[in-house]
Structure formats: C-alpha cells, structure tokens
Amino acid sequence: MKRNILIIVLIVITGLKAKAQEHSNSWFRTTLSIPLTTKFKVDLEGQLRRQNGFENENPFDKSLLYSFRTWCYYKQSEEVTFSISPFAYFSNYKIIQKQTDEAASPSNEYRFSAAIEVQHKVTANLLILNRTALEYRVFEGAVENVIRLRHRIGFRYDFNPKYNLGIGDEIFINAKGTDAQHLFDQNRLIANIAFKPTASVKFELGYMHISRLPKSNIDLLEEKNLYLNFTYTLIKKRNHSL
C-alpha cells in the first residue's frame, strides 16, 4: 500500500515539475522549552514566516504566516520520543502568485498533532532520524478540514556537544479533506547546522527546498526557504544544602 502511494506521488510530481513556479521565503521560530522531568518536557513555540512580493525575490517582503503552538514530549528511551501538540493556531497568508494576492486577508487554522520520533546510532557521531506525524487541520470558514500525514527521514552528525549538521527529506500526504489530485501536499529537502553555545541556548540555521501543491493550484510551486530557529531551555537550579 505504501509503495503504491509513493508511486502515485512520484507520478504527480513528475507531471507537474515542468509547470513549477518558484517562490522565496524566510522562516523564523522561537521556542521556550520547559523540562518537567527527565522524560517529560513542554515547548511553547512562536513562528513568523515572510515571503517575496509580486515580481520580486525579496524573501522578507510580505507576511506569509504567524503561529503559536504547544508541544508535549515524552522520551521513552534514548531512541524513541512521543509528542503531542494539543493546540496550535496559524494565521496563513496567501502565497503570492499574482498582484491581488498581496492584499488578501489571512485564513485562520487550528491544528492538533501527534508524532513519534525514532533515532538510531550508526556510529558514535552519526544518527539516522525517523519522524512520523499525524495532523488534524481545522480551518475557519467554508474550507474543509484536512487530515495530513507526514514522514521525515534524515541524518545528523554530531561534531561535539555544541555543533551538529543535519540533512533530511519530509513528505506530506493529505489523507482526508482534499480531492485525489491533491493527495500530494508537499515535499521538503532540508539541510541545517545547529549551534548550542550554552546548556540553555540553541540556534539552528538551515535551507529548505519545498515542492508544494496548494489546494487552489494544479501546478507545483517550488519554494526556496532560509530559516532560523532559536530555542531557550529553562534549566532547573539545583539546591545545595550546607
């Protein structure tokens, strides 16, 4: 079944590639991470995305997205982590493909997600990462709600506790809420570098190439994305008795 779905997706991508349009974006995310125990933690995440305007390539020109999301993580072992996002709010602006899109009002979305991430050590420094997630997307207005599946596979190389490099690919499939032509939602090719100067602070800088098929389109849209993520982790101070 999975093989048949992948074949269909590849056929769709191949058929649309010749008509693909290009777009430039910049993504920024800030996360406050709150460890509760050695196995549980909660993240509060805010996100801002910008996009190029009509007939320009400035990735910071116009609004693309604002969001707030919560995540709850349970680390079952060093290899397996479960996560749930009980609430997320997104304000989505139109991807600008014509001049009138610049003045379009954003649409609001509420999202509920669950995921499992498995990591496997190949060597002391090299890891294989697998993440599978299910999202339920609720839109305001007359837009039909969507159930979306996503799967990411990637590799991470840890140079030391402060630096690592990562590459990966993530595919998104609409399982419910769209027509058969839009079974494929998007594919992301990702490369990044992470820097952790202290136990509390982490920066992640990356490039992401997205092949996207918006619900309002029949042509594939190619996106060039630069992104920067900042994470601050609250570290509990230990009490020292005299």
# chains A, B, ... in the order shown; residues from 1 in each chain; ligands from 1
call {"tool": "residues_around", "arguments": {"residues": "Glu109 in chain A", "least_positions_apart": "2", "cutoff": "12 Å", "atoms": "only C-alpha atoms", "output": "PyMOL selection string"}}
result
chain A and resi 65-69+87-93+106-107+111-112+135-146
call {"tool": "residues_around", "arguments": {"residues": "Ile193 in chain A", "least_positions_apart": "2", "cutoff": "12 Å", "atoms": "only C-alpha atoms", "output": "list in words"}}
result
Phe155, Arg156, Tyr157, Asp158, Phe159, Lys162, Tyr163, Asn164, Leu165, Gly166, Ile167, Ile190, Ala191, Phe195, Lys196, Lys202, Phe203, Glu204, Leu205, Gly206, Tyr207, Tyr227, Leu228 and Asn229 of chain A
call {"tool": "closest_residue", "arguments": {"among": "A:Lys176, A:Ala199, A:Ile147, A:His182", "to": "Pro161 in chain A", "atoms": "only C-alpha atoms"}}
result
A:Ala199
call {"tool": "atom_distance", "arguments": {"atom1": "CA of Glu78 in chain A", "atom2": "CA of Glu117 in chain A"}}
result
10.6 Å
call {"tool": "atom_distance", "arguments": {"atom1": "CA of Ile173 in chain A", "atom2": "CA of Trp27 in chain A"}}
result
21.9 Å
call {"tool": "residues_around", "arguments": {"residues": "Thr233 in chain A", "least_positions_apart": "6", "cutoff": "8 Å", "atoms": "only C-alpha atoms", "output": "VMD selection string"}}
result
chain A and resid 32 to 35 199 to 201
call {"tool": "write_last_selection", "arguments": {"atoms": "N, CA, C and O atoms", "output": "mmCIF file, in the first residue's frame"}}
result
data_model
loop_
_atom_site.group_PDB
_atom_site.id
_atom_site.type_symbol
_atom_site.label_atom_id
_atom_site.label_comp_id
_atom_site.auth_asym_id
_atom_site.auth_seq_id
_atom_site.Cartn_x
_atom_site.Cartn_y
_atom_site.Cartn_z
ATOM 1 N N LEU A 32 10.355 28.233 23.667
ATOM 2 C CA LEU A 32 10.687 28.142 25.086
ATOM 3 C C LEU A 32 10.442 26.699 25.505
ATOM 4 O O LEU A 32 9.309 26.212 25.446
ATOM 5 N N SER A 33 11.496 26.005 25.906
ATOM 6 C CA SER A 33 11.407 24.599 26.276
ATOM 7 C C SER A 33 11.475 24.462 27.791
ATOM 8 O O SER A 33 12.389 24.991 28.433
ATOM 9 N N ILE A 34 10.502 23.743 28.356
ATOM 10 C CA ILE A 34 10.388 23.632 29.815
ATOM 11 C C ILE A 34 10.442 22.158 30.215
ATOM 12 O O ILE A 34 9.439 21.439 30.112
ATOM 13 N N PRO A 35 11.592 21.658 30.656
ATOM 14 C CA PRO A 35 11.668 20.273 31.140
ATOM 15 C C PRO A 35 10.918 20.129 32.461
ATOM 16 O O PRO A 35 11.100 20.938 33.378
ATOM 17 N N ALA A 199 24.006 25.428 27.780
ATOM 18 C CA ALA A 199 23.004 24.382 28.024
ATOM 19 C C ALA A 199 21.593 24.890 27.761
ATOM 20 O O ALA A 199 20.680 24.096 27.478
ATOM 21 N N SER A 200 21.389 26.201 27.824
ATOM 22 C CA SER A 200 20.048 26.770 27.670
ATOM 23 C C SER A 200 19.750 27.259 26.258
ATOM 24 O O SER A 200 18.587 27.322 25.864
ATOM 25 N N VAL A 201 20.769 27.625 25.503
ATOM 26 C CA VAL A 201 20.573 28.324 24.229
ATOM 27 C C VAL A 201 20.973 27.444 23.049
ATOM 28 O O VAL A 201 22.028 26.818 23.060
#
call {"tool": "select_by_dssp", "arguments": {"residues": "range 6-86 of chain A", "states": "strand (DSSP E or B)", "output": "ChimeraX atom specification"}}
result
/A:21-35,40-51,62-75,80-85
call {"tool": "atom_distance", "arguments": {"atom1": "CA of Leu129 in chain A", "atom2": "CA of Ala194 in chain A"}}
result
15.3 Å
call {"tool": "closest_residue", "arguments": {"among": "A:Thr37, A:Asn130, A:Asn108, A:Ser24", "to": "Glu222 in chain A", "atoms": "only C-alpha atoms"}}
result
A:Ser24
call {"tool": "select_by_dssp", "arguments": {"residues": "range 94-177 of chain A", "states": "helix (DSSP H, G or I)", "output": "list in words"}}
result
Gln99, Thr100, Asp101, Glu102 and Ala103 of chain A
call {"tool": "residues_around", "arguments": {"residues": "Ser85 in chain A", "least_positions_apart": "6", "cutoff": "6 Å", "atoms": "only C-alpha atoms", "output": "NGL selection string"}}
result
:A and (70-71 or 112-113)
call {"tool": "write_last_selection", "arguments": {"atoms": "N, CA, C and O atoms", "output": "tab-separated table (two decimals), in the first residue's frame"}}
result
chain	number	residue	atom	x	y	z
A	70	THR	N	1.84	24.63	21.00
A	70	THR	CA	2.34	23.96	22.19
A	70	THR	C	2.67	22.50	21.84
A	70	THR	O	1.98	21.87	21.04
A	71	TRP	N	3.74	22.01	22.45
A	71	TRP	CA	4.13	20.62	22.27
A	71	TRP	C	4.39	19.98	23.63
A	71	TRP	O	4.96	20.63	24.53
A	112	PHE	N	-4.08	20.13	15.49
A	112	PHE	CA	-3.83	19.16	16.56
A	112	PHE	C	-2.97	18.05	15.97
A	112	PHE	O	-3.30	17.49	14.93
A	113	SER	N	-1.86	17.71	16.66
A	113	SER	CA	-0.88	16.81	16.06
A	113	SER	C	-0.38	15.78	17.07
A	113	SER	O	-0.39	16.01	18.28
call {"tool": "closest_residue", "arguments": {"among": "A:Glu55, A:His120, A:Leu126, A:Ala114", "to": "Arg150 in chain A", "atoms": "only C-alpha atoms"}}
result
A:Ala114
call {"tool": "closest_residue", "arguments": {"among": "A:Lys41, A:Ser83, A:Phe184, A:Asn52", "to": "Gln97 in chain A", "atoms": "only C-alpha atoms"}}
result
A:Asn52
call {"tool": "closest_residue", "arguments": {"among": "A:Ile84, A:Leu149, A:Leu189, A:Ala104", "to": "Ala175 in chain A", "atoms": "only C-alpha atoms"}}
result
A:Leu149
call {"tool": "residues_around", "arguments": {"residues": "Ser211 in chain A", "least_positions_apart": "5", "cutoff": "8 Å", "atoms": "only C-alpha atoms", "output": "MDAnalysis selection string"}}
result
chainID A and resid 186:188 220:223
call {"tool": "closest_residue", "arguments": {"among": "A:Pro86, A:Ala180, A:Tyr74, A:Val42", "to": "Tyr110 in chain A", "atoms": "only C-alpha atoms"}}
result
A:Pro86
